[in-house]
Structure formats: C-alpha cells, structure tokens
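Student: The structure under discussion is supplied below as structure tokens; questions concerning it will follow.
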Amino acid sequence: MYEQTVTRLCAEFGGELSRPQVELVLRRCLTDLAGSPVGAMPELSERLARQRLADELDVDVLIPAVWTYTGAPLPTSNRVA
C-alpha cells in the first residue's frame, strides 16, 4: 500500500517535489492518523498527504471527476452494490 501511494503521489507532484519529500509527508500522515480504522488508512492517508503536499506547493487539489458535483442529477444505475 505504501509504495503504491507514494508512486501515485509522485506522479501528481513529482515534477515539483522529490520522492523523499513525498515519502516524508506520507509517513507523517500515517503517524497522525494512528488510531483510525485500519481498513480506512490507505484512503485517509493518501487524501491527507495529497492535501498537505498541495498546501506545501500552494496549489489546489484536483479532485477526481467521480467526486466532482456539477449540479446536474447523478446518473442512475441498475447495479447492485
């Protein structure tokens, strides 16, 4: 999980931050989130690290399109979760 998260964050911020910088931020996030449910740690730590890295660079975090609300009705699906 850790290496995959670092790789994704480096792809987003690698042009401006080194891999060691990304790893340091992620390690701090994992420490800060200690006590959170174990199953939620991958998502929580990646989101927090992404936000902290963006704050460090003073840029907006790009939210994946699946989370973007445009005001239009959400599509319906016949899929069962």
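FYI, nothing fancy with the structure tokens labels: chains A, B, ... in order, residues from 1 per chain, ligands from 1 as they appear.
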Taking 2 positions as the minimum chain separation for residues in the same chain, which residues sit within 12 Å of Thr7 of chain A when counting only C-alpha atoms? Answer as a PDB file with C-alpha atoms, in the first residue's frame.
Tutor:
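Once written, part-v1.pdb looks like this:
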```
ATOM      1  CA  MET A   1       0.000   0.000   0.000  1.00  0.00           C
ATOM      2  CA  TYR A   2       2.707   2.467   0.990  1.00  0.00           C
ATOM      3  CA  GLU A   3       4.766   2.121  -2.202  1.00  0.00           C
ATOM      4  CA  GLN A   4       1.680   2.353  -4.429  1.00  0.00           C
ATOM      5  CA  THR A   5       0.537   5.503  -2.652  1.00  0.00           C
ATOM      6  CA  LEU A   9       1.544  10.972  -5.299  1.00  0.00           C
ATOM      7  CA  CYS A  10       4.899  11.241  -7.075  1.00  0.00           C
ATOM      8  CA  ALA A  11       3.078  11.088 -10.392  1.00  0.00           C
ATOM      9  CA  GLU A  12       0.956  14.044  -9.267  1.00  0.00           C
ATOM     10  CA  PHE A  13       3.635  16.107  -7.525  1.00  0.00           C
ATOM     11  CA  GLY A  14       6.882  14.560  -8.768  1.00  0.00           C
ATOM     12  CA  SER A  18      11.129  14.699  -4.778  1.00  0.00           C
ATOM     13  CA  ARG A  19      10.194  11.147  -3.855  1.00  0.00           C
ATOM     14  CA  PRO A  20      11.836  11.519  -0.395  1.00  0.00           C
ATOM     15  CA  VAL A  22       6.535  12.743  -0.724  1.00  0.00           C
ATOM     16  CA  GLU A  23       7.526   9.784   1.464  1.00  0.00           C
ATOM     17  CA  LEU A  26       3.018  10.313   3.790  1.00  0.00           C
ATOM     18  CA  GLU A  46      -3.466   9.309   0.669  1.00  0.00           C
TER      19      GLU A  46
END
```
Student: Can you tell me how far atom CA of Arg28 of chain A sits from atom CA of Val59 of chain A, in Å to one decimal?
Tutor: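 Value for the atom CA of Arg28 of chain A-atom CA of Val59 of chain A distance: 19.9 Å.
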Student: How far is it from atom CA of Asp58 of chain A to atom CA of Ser36 of chain A, in Å with one decimal?
Tutor: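 A separation of 27.2 Å between them.
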Student: Compile the contact shell of Cys29 of chain A as a list in words: residues with an atom at most 7 Å away, counting only C-alpha atoms, same-chain residues fewer than 6 positions apart removed.
Tutor: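 Skipping anything fewer than 6 positions along the chain leaves Ser45, Leu48 and Ala49 of chain A.
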Student: Could you dump the residues just selected with C-alpha atoms as a PDB file, in the first residue's frame?
Tutor:
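Contents of again.pdb, freshly written:
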```pdb
ATOM      1  CA  SER A  45      -3.531   8.718   4.427  1.00  0.00           C
ATOM      2  CA  LEU A  48      -4.346  13.760   3.760  1.00  0.00           C
ATOM      3  CA  ALA A  49      -0.935  13.509   2.094  1.00  0.00           C
TER       4      ALA A  49
END
```
Student: Out of A:Leu57, A:Pro42, A:Glu16, A:Gln51, which residue has the shortest atom-to-atom distance to Leu30 of chain A when counting only C-alpha atoms?
Tutor: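 Using only C-alpha atoms, the shortest distance to Leu30 of chain A belongs to A:Pro42.
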